[in-house]
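Quick look at start-v9.tsv (TSV, C-alpha atoms):
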```
chain	number	residue	atom	x	y	z
A	1	MET	CA	-46.38	-38.01	-3.32
A	2	LYS	CA	-45.51	-34.37	-3.29
A	3	ARG	CA	-42.76	-33.35	-0.90
A	4	SER	CA	-43.01	-30.00	0.79
A	5	THR	CA	-40.01	-27.71	0.87
A	6	PRO	CA	-38.85	-26.17	4.14
A	7	PHE	CA	-39.97	-22.75	2.88
A	8	ALA	CA	-43.44	-23.84	1.79
A	9	ASP	CA	-45.20	-22.43	4.82
A	10	LEU	CA	-43.27	-19.60	6.43
A	11	ASN	CA	-45.97	-18.97	9.05
A	12	VAL	CA	-45.32	-22.34	10.73
A	13	PRO	CA	-43.05	-22.02	13.78
A	14	LEU	CA	-39.52	-23.41	13.42
A	15	SER	CA	-40.06	-26.16	16.02
A	16	ARG	CA	-42.93	-27.64	14.01
A	17	ARG	CA	-40.96	-27.73	10.76
A	18	ARG	CA	-38.18	-29.97	12.10
A	19	ARG	CA	-38.80	-33.58	12.78
A	20	GLY	CA	-36.72	-35.61	15.16
A	21	LEU	CA	-34.64	-38.64	14.17
A	22	SER	CA	-36.14	-42.05	14.64
A	23	GLU	CA	-34.27	-44.59	16.79
A	24	GLU	CA	-33.10	-46.43	13.68
A	25	GLU	CA	-31.82	-43.20	12.07
A	26	ARG	CA	-30.08	-42.17	15.29
A	27	SER	CA	-28.24	-45.52	15.61
A	28	LEU	CA	-27.24	-45.36	11.93
A	29	TRP	CA	-25.90	-41.81	12.39
A	30	GLU	CA	-23.89	-42.81	15.49
A	31	SER	CA	-22.28	-45.76	13.67
A	32	VAL	CA	-21.32	-43.50	10.74
A	33	ALA	CA	-19.98	-40.81	13.07
A	34	LYS	CA	-17.71	-43.35	14.83
A	35	GLN	CA	-16.13	-44.39	11.52
A	36	VAL	CA	-15.39	-40.88	10.26
A	37	LYS	CA	-11.98	-39.32	10.84
A	38	PRO	CA	-11.99	-35.56	11.51
A	39	LEU	CA	-10.38	-33.27	8.93
A	40	ARG	CA	-9.03	-30.92	11.56
A	41	LYS	CA	-6.17	-31.98	13.78
A	42	LYS	CA	-7.15	-29.68	16.60
A	43	PRO	CA	-10.63	-29.93	18.10
A	44	ARG	CA	-12.81	-26.86	17.88
A	45	ALA	CA	-13.03	-24.63	20.91
A	46	PRO	CA	-16.17	-25.42	22.88
A	47	LYS	CA	-18.99	-22.92	22.49
A	48	PRO	CA	-19.94	-21.06	25.67
A	49	HIS	CA	-23.24	-22.23	27.11
A	50	ALA	CA	-26.08	-19.76	27.36
A	51	ALA	CA	-26.74	-20.82	30.98
A	52	GLU	CA	-23.30	-19.62	32.15
A	53	PRO	CA	-23.23	-16.05	33.46
A	54	LYS	CA	-21.23	-13.67	31.28
A	55	GLN	CA	-18.07	-12.35	32.84
A	56	SER	CA	-17.13	-8.74	32.37
A	57	ALA	CA	-14.43	-8.28	29.78
A	58	PRO	CA	-11.06	-7.20	31.17
A	59	ALA	CA	-9.79	-3.74	30.30
A	60	PRO	CA	-7.71	-3.75	27.11
A	61	SER	CA	-3.97	-3.68	27.68
A	62	LYS	CA	-1.63	-1.06	26.26
A	63	ALA	CA	-0.49	-3.56	23.65
A	64	ALA	CA	-4.06	-3.92	22.40
A	65	LEU	CA	-4.44	-0.14	22.04
A	66	ARG	CA	-1.44	0.19	19.70
A	67	PRO	CA	-2.30	1.12	16.12
A	68	ILE	CA	-2.26	-1.73	13.67
A	69	VAL	CA	0.71	-1.53	11.35
A	70	SER	CA	-0.03	-2.70	7.84
A	71	VAL	CA	2.37	-5.30	6.53
A	72	PRO	CA	3.29	-4.90	2.87
A	73	ALA	CA	1.98	-7.62	0.62
A	74	PRO	CA	4.60	-10.19	-0.34
A	75	LYS	CA	6.14	-9.79	-3.77
A	76	PRO	CA	4.67	-12.11	-6.37
A	77	ALA	CA	6.84	-15.14	-6.99
A	78	MET	CA	9.02	-15.13	-10.07
A	79	PRO	CA	7.68	-17.22	-12.92
A	80	PRO	CA	9.55	-20.47	-13.56
A	81	LEU	CA	12.60	-20.46	-15.80
A	82	VAL	CA	11.81	-21.37	-19.38
A	83	THR	CA	13.88	-22.98	-22.07
A	84	LEU	CA	14.54	-21.16	-25.31
A	85	SER	CA	12.07	-21.81	-28.07
A	86	ARG	CA	13.17	-23.96	-30.95
A	87	ARG	CA	13.10	-20.96	-33.25
A	88	GLU	CA	15.25	-18.80	-30.93
A	89	ARG	CA	17.77	-21.59	-30.47
A	90	SER	CA	17.96	-22.19	-34.21
A	91	LYS	CA	18.50	-18.50	-34.97
A	92	LEU	CA	21.25	-18.25	-32.33
A	93	SER	CA	23.07	-21.38	-33.44
A	94	ARG	CA	22.97	-20.41	-37.14
A	95	GLY	CA	24.07	-16.84	-36.46
A	96	LYS	CA	20.80	-15.27	-37.68
A	97	SER	CA	20.22	-13.77	-34.22
A	98	GLU	CA	23.04	-11.87	-32.62
A	99	ILE	CA	24.46	-12.84	-29.25
A	100	ASP	CA	24.56	-9.46	-27.56
A	101	ALA	CA	27.41	-10.16	-25.12
A	102	ARG	CA	29.49	-13.00	-23.73
A	103	ILE	CA	31.39	-13.75	-20.55
A	104	ASP	CA	34.09	-16.36	-20.10
A	105	LEU	CA	34.35	-17.85	-16.61
A	106	HIS	CA	37.29	-20.18	-17.43
A	107	GLY	CA	39.81	-20.52	-14.63
A	108	MET	CA	37.82	-18.53	-12.06
A	109	THR	CA	37.08	-19.72	-8.57
A	110	GLN	CA	33.43	-20.30	-7.71
A	111	VAL	CA	33.22	-17.13	-5.61
A	112	ARG	CA	34.87	-14.96	-8.25
A	113	ALA	CA	32.79	-16.53	-11.04
A	114	HIS	CA	29.57	-15.97	-9.08
A	115	HIS	CA	30.33	-12.26	-8.57
A	116	ALA	CA	31.47	-11.81	-12.19
A	117	LEU	CA	28.34	-13.52	-13.55
A	118	LEU	CA	25.99	-11.48	-11.33
A	119	GLY	CA	27.64	-8.20	-12.35
A	120	PHE	CA	27.63	-9.20	-16.03
A	121	LEU	CA	23.91	-10.11	-15.99
A	122	GLN	CA	23.00	-6.91	-14.13
A	123	ARG	CA	24.79	-4.83	-16.80
A	124	ALA	CA	23.15	-6.84	-19.60
A	125	HIS	CA	19.74	-6.33	-17.99
A	126	SER	CA	20.23	-2.58	-17.55
A	127	ASP	CA	21.55	-2.25	-21.14
A	128	GLY	CA	18.44	-4.00	-22.50
A	129	LEU	CA	20.28	-6.95	-24.04
A	130	ALA	CA	18.26	-9.99	-25.12
A	131	PHE	CA	20.66	-12.95	-25.36
A	132	VAL	CA	24.09	-13.48	-23.81
A	133	LEU	CA	26.51	-16.38	-23.90
A	134	VAL	CA	27.98	-17.63	-20.61
A	135	ILE	CA	31.07	-19.78	-21.16
A	136	THR	CA	31.76	-22.10	-18.24
A	137	GLY	CA	34.18	-24.50	-19.87
A	138	LYS	CA	33.90	-28.26	-19.77
A	139	GLY	CA	36.33	-28.68	-16.91
A	140	LYS	CA	39.81	-30.14	-16.73
A	141	VAL	CA	40.41	-33.84	-17.02
A	142	GLY	CA	42.05	-34.94	-13.78
A	143	GLY	CA	42.47	-38.13	-11.85
A	144	PRO	CA	39.55	-40.42	-11.13
A	145	ASP	CA	38.76	-38.57	-7.85
A	146	ALA	CA	39.11	-35.04	-9.27
A	147	GLU	CA	35.98	-32.94	-9.72
A	148	ARG	CA	35.37	-32.06	-13.33
A	149	GLY	CA	33.48	-29.00	-14.52
A	150	VAL	CA	32.52	-27.38	-11.22
A	151	LEU	CA	31.39	-24.15	-12.91
A	152	ARG	CA	29.60	-26.15	-15.60
A	153	ARG	CA	27.46	-27.71	-12.85
A	154	GLN	CA	27.16	-24.62	-10.64
A	155	VAL	CA	26.17	-21.90	-13.14
A	156	PRO	CA	22.74	-23.46	-13.98
A	157	GLN	CA	22.05	-23.73	-10.24
A	158	TRP	CA	23.07	-20.10	-9.72
A	159	LEU	CA	20.78	-18.95	-12.53
A	160	SER	CA	17.89	-20.52	-10.60
A	161	LEU	CA	18.62	-18.47	-7.45
A	162	PRO	CA	16.37	-15.48	-6.59
A	163	GLU	CA	19.16	-12.95	-7.11
A	164	PHE	CA	19.53	-14.09	-10.73
A	165	ARG	CA	15.83	-14.78	-11.40
A	166	SER	CA	15.01	-11.09	-11.60
A	167	LEU	CA	17.55	-10.83	-14.45
A	168	VAL	CA	17.09	-14.12	-16.34
A	169	VAL	CA	14.08	-15.52	-18.22
A	170	GLY	CA	15.70	-18.83	-19.09
A	171	PHE	CA	18.81	-20.61	-20.32
A	172	GLU	CA	19.86	-23.59	-22.39
A	173	GLN	CA	23.03	-25.38	-23.43
A	174	ALA	CA	24.72	-23.66	-26.35
A	175	HIS	CA	25.25	-25.04	-29.83
A	176	ILE	CA	28.55	-26.81	-30.47
A	177	GLY	CA	29.71	-23.80	-32.50
A	178	HIS	CA	29.34	-21.58	-29.42
A	179	GLY	CA	30.90	-23.99	-26.92
A	180	GLY	CA	28.41	-26.85	-26.66
A	181	GLU	CA	28.41	-28.43	-23.19
A	182	GLY	CA	30.75	-25.76	-21.88
A	183	ALA	CA	28.50	-22.77	-22.62
A	184	LEU	CA	24.94	-21.55	-22.06
A	185	TYR	CA	22.62	-19.28	-24.00
A	186	VAL	CA	20.94	-17.02	-21.42
A	187	ARG	CA	17.85	-14.97	-22.22
A	188	ILE	CA	17.79	-11.71	-20.26
A	189	ARG	CA	14.57	-10.41	-18.71
A	190	ARG	CA	13.43	-7.07	-20.14
A	191	ALA	CA	13.82	-4.09	-17.87
A	192	ARG	CA	10.51	-2.56	-16.84
A	193	SER	CA	10.19	1.05	-17.89
```

Turn the structure described in the file into structure tokens.
Amino acid sequence: MKRSTPFADLNVPLSRRRRGLSEEERSLWESVAKQVKPLRKKPRAPKPHAAEPKQSAPAPSKAALRPIVSVPAPKPAMPPLVTLSRRERSKLSRGKSEIDARIDLHGMTQVRAHHALLGFLQRAHSDGLAFVLVITGKGKVGGPDAERGVLRRQVPQWLSLPEFRSLVVGFEQAHIGHGGEGALYVRIRRARS
């Protein structure tokens, strides 16, 4: 049996092309419709009926006549931080690649260390350096309740902040020869020309 497509006879009026649902199909559709949960949380606004008389539109207010101010597009998000490649790490640890600069944050308070690190990375970025070494120290051994290695824990978190992300591509724990757990290799983002 050949089935006709809805566009087979375009001269037939629209009302003749549609067929109504049978009673069985209608009851099936109603049972399915009762079981379905809507995707939208808010119901759609009801459509105005054609039978209702149209009301005249109110005059636009002064607020509506103001020119539309274009909002600048948001800046694209920074790409995620990456770890150093195996090759880069190997070259740095063996001394085949030069560490361009280093900063030692030993003995600094968190506030002072944060400002010193930000200034250091900004200078490294503007000077076009590739790799720097950030020495945090391993922390002092104190009593059982004493915090150990506050800067060691904080510096990786700071490097993930937006103010540092524009300067840093990624970082990784340094080789034991460069400080091990108490130091980080930091790859500086290239300055755009």

Checklist entry - Counting all atoms listed in the file, which of A:Lys34, A:Arg94, A:Arg189, A:Arg89 gets nearest to Gly177 of chain A? => result A:Arg94

Item to check | Residues within 7 Å of (18.2, -20.7, -20.1), file coords, all atoms listed in the file, listed as JSON, numbers by chain | outcome: {"A": [82, 83, 84, 169, 170, 171, 172, 185, 186, 187]}

Checklist entry - Using only C-alpha atoms, which residues sit within 12 Å of Val111 of chain A once same-chain residues fewer than 3 positions away are excluded, as a ChimeraX atom specification? => result /A:105,107-108,114-118,150-151,154-155,158

Checklist entry - Within 7 Å of segment 124-138 of chain A, counting only C-alpha atoms, which residues qualify if same-chain residues fewer than 4 places away don't, as a ChimeraX atom specification? => result /A:99-106,120,149,151-152,167,181-191

Checklist entry - In Å, with one decimal, what is the gap from atom CA of Gln122 of chain A to atom CA of Leu159 of chain A? => result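 Result for atom CA of Gln122 of chain A versus atom CA of Leu159 of chain A: 12.3 Å, one decimal.
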
Item to check | Interatomic distance (Å, one decimal) between atom CA of Ala113 of chain A and atom CA of Arg153 of chain A | outcome: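 Value for the atom CA of Ala113 of chain A-atom CA of Arg153 of chain A distance: 12.5 Å.
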
Next on the checklist: For a test of reading the model, state the distance in Å between atom CA of Pro162 of chain A and atom CA of Leu121 of chain A, rounded to one decimal.
Outcome noted: 13.2 Å

Could segment 158-180 of chain A be completed with N, CA and C atoms and returned as an mmCIF file, in the coordinates of the input?
```
data_model
loop_
_atom_site.group_PDB
_atom_site.id
_atom_site.type_symbol
_atom_site.label_atom_id
_atom_site.label_comp_id
_atom_site.auth_asym_id
_atom_site.auth_seq_id
_atom_site.Cartn_x
_atom_site.Cartn_y
_atom_site.Cartn_z
ATOM 1 N N TRP A 158 23.054 -21.518 -10.080
ATOM 2 C CA TRP A 158 23.070 -20.100 -9.720
ATOM 3 C C TRP A 158 21.980 -19.343 -10.460
ATOM 4 N N LEU A 159 21.787 -19.665 -11.733
ATOM 5 C CA LEU A 159 20.780 -18.950 -12.530
ATOM 6 C C LEU A 159 19.376 -19.194 -11.998
ATOM 7 N N SER A 160 19.191 -20.235 -11.197
ATOM 8 C CA SER A 160 17.890 -20.520 -10.600
ATOM 9 C C SER A 160 17.685 -19.821 -9.262
ATOM 10 N N LEU A 161 18.722 -19.169 -8.736
ATOM 11 C CA LEU A 161 18.620 -18.470 -7.450
ATOM 12 C C LEU A 161 17.826 -17.176 -7.603
ATOM 13 N N PRO A 162 17.172 -16.706 -6.513
ATOM 14 C CA PRO A 162 16.370 -15.480 -6.590
ATOM 15 C C PRO A 162 17.137 -14.254 -7.072
ATOM 16 N N GLU A 163 18.400 -14.125 -6.703
ATOM 17 C CA GLU A 163 19.160 -12.950 -7.110
ATOM 18 C C GLU A 163 19.364 -12.894 -8.623
ATOM 19 N N PHE A 164 19.376 -14.042 -9.283
ATOM 20 C CA PHE A 164 19.530 -14.090 -10.730
ATOM 21 C C PHE A 164 18.174 -14.126 -11.440
ATOM 22 N N ARG A 165 17.141 -14.613 -10.768
ATOM 23 C CA ARG A 165 15.830 -14.780 -11.400
ATOM 24 C C ARG A 165 15.224 -13.475 -11.866
ATOM 25 N N SER A 166 15.542 -12.382 -11.174
ATOM 26 C CA SER A 166 15.010 -11.090 -11.600
ATOM 27 C C SER A 166 15.691 -10.608 -12.879
ATOM 28 N N LEU A 167 16.790 -11.244 -13.272
ATOM 29 C CA LEU A 167 17.550 -10.830 -14.450
ATOM 30 C C LEU A 167 17.391 -11.798 -15.620
ATOM 31 N N VAL A 168 17.046 -13.057 -15.332
ATOM 32 C CA VAL A 168 17.090 -14.120 -16.340
ATOM 33 C C VAL A 168 15.698 -14.703 -16.583
ATOM 34 N N VAL A 169 15.337 -14.857 -17.854
ATOM 35 C CA VAL A 169 14.080 -15.520 -18.220
ATOM 36 C C VAL A 169 14.301 -17.024 -18.302
ATOM 37 N N GLY A 170 15.407 -17.412 -18.935
ATOM 38 C CA GLY A 170 15.700 -18.830 -19.090
ATOM 39 C C GLY A 170 17.085 -19.023 -19.685
ATOM 40 N N PHE A 171 17.496 -20.287 -19.763
ATOM 41 C CA PHE A 171 18.810 -20.610 -20.320
ATOM 42 C C PHE A 171 18.769 -22.011 -20.892
ATOM 43 N N GLU A 172 19.766 -22.279 -21.760
ATOM 44 C CA GLU A 172 19.860 -23.590 -22.390
ATOM 45 C C GLU A 172 21.290 -23.806 -22.855
ATOM 46 N N GLN A 173 21.678 -25.047 -22.965
ATOM 47 C CA GLN A 173 23.030 -25.380 -23.430
ATOM 48 C C GLN A 173 23.235 -24.821 -24.835
ATOM 49 N N ALA A 174 24.414 -24.290 -25.069
ATOM 50 C CA ALA A 174 24.720 -23.660 -26.350
ATOM 51 C C ALA A 174 24.989 -24.690 -27.438
ATOM 52 N N HIS A 175 24.918 -24.225 -28.668
ATOM 53 C CA HIS A 175 25.250 -25.040 -29.830
ATOM 54 C C HIS A 175 26.744 -25.334 -29.817
ATOM 55 N N ILE A 176 27.144 -26.400 -30.465
ATOM 56 C CA ILE A 176 28.550 -26.810 -30.470
ATOM 57 C C ILE A 176 29.451 -25.704 -31.028
ATOM 58 N N GLY A 177 28.931 -24.904 -31.941
ATOM 59 C CA GLY A 177 29.710 -23.800 -32.500
ATOM 60 C C GLY A 177 29.976 -22.677 -31.514
ATOM 61 N N HIS A 178 29.173 -22.604 -30.464
ATOM 62 C CA HIS A 178 29.340 -21.580 -29.420
ATOM 63 C C HIS A 178 29.910 -22.154 -28.131
ATOM 64 N N GLY A 179 30.305 -23.405 -28.123
ATOM 65 C CA GLY A 179 30.900 -23.990 -26.920
ATOM 66 C C GLY A 179 30.227 -25.258 -26.451
ATOM 67 N N GLY A 180 29.084 -25.601 -27.002
ATOM 68 C CA GLY A 180 28.410 -26.850 -26.660
ATOM 69 C C GLY A 180 28.152 -27.026 -25.182
#
```
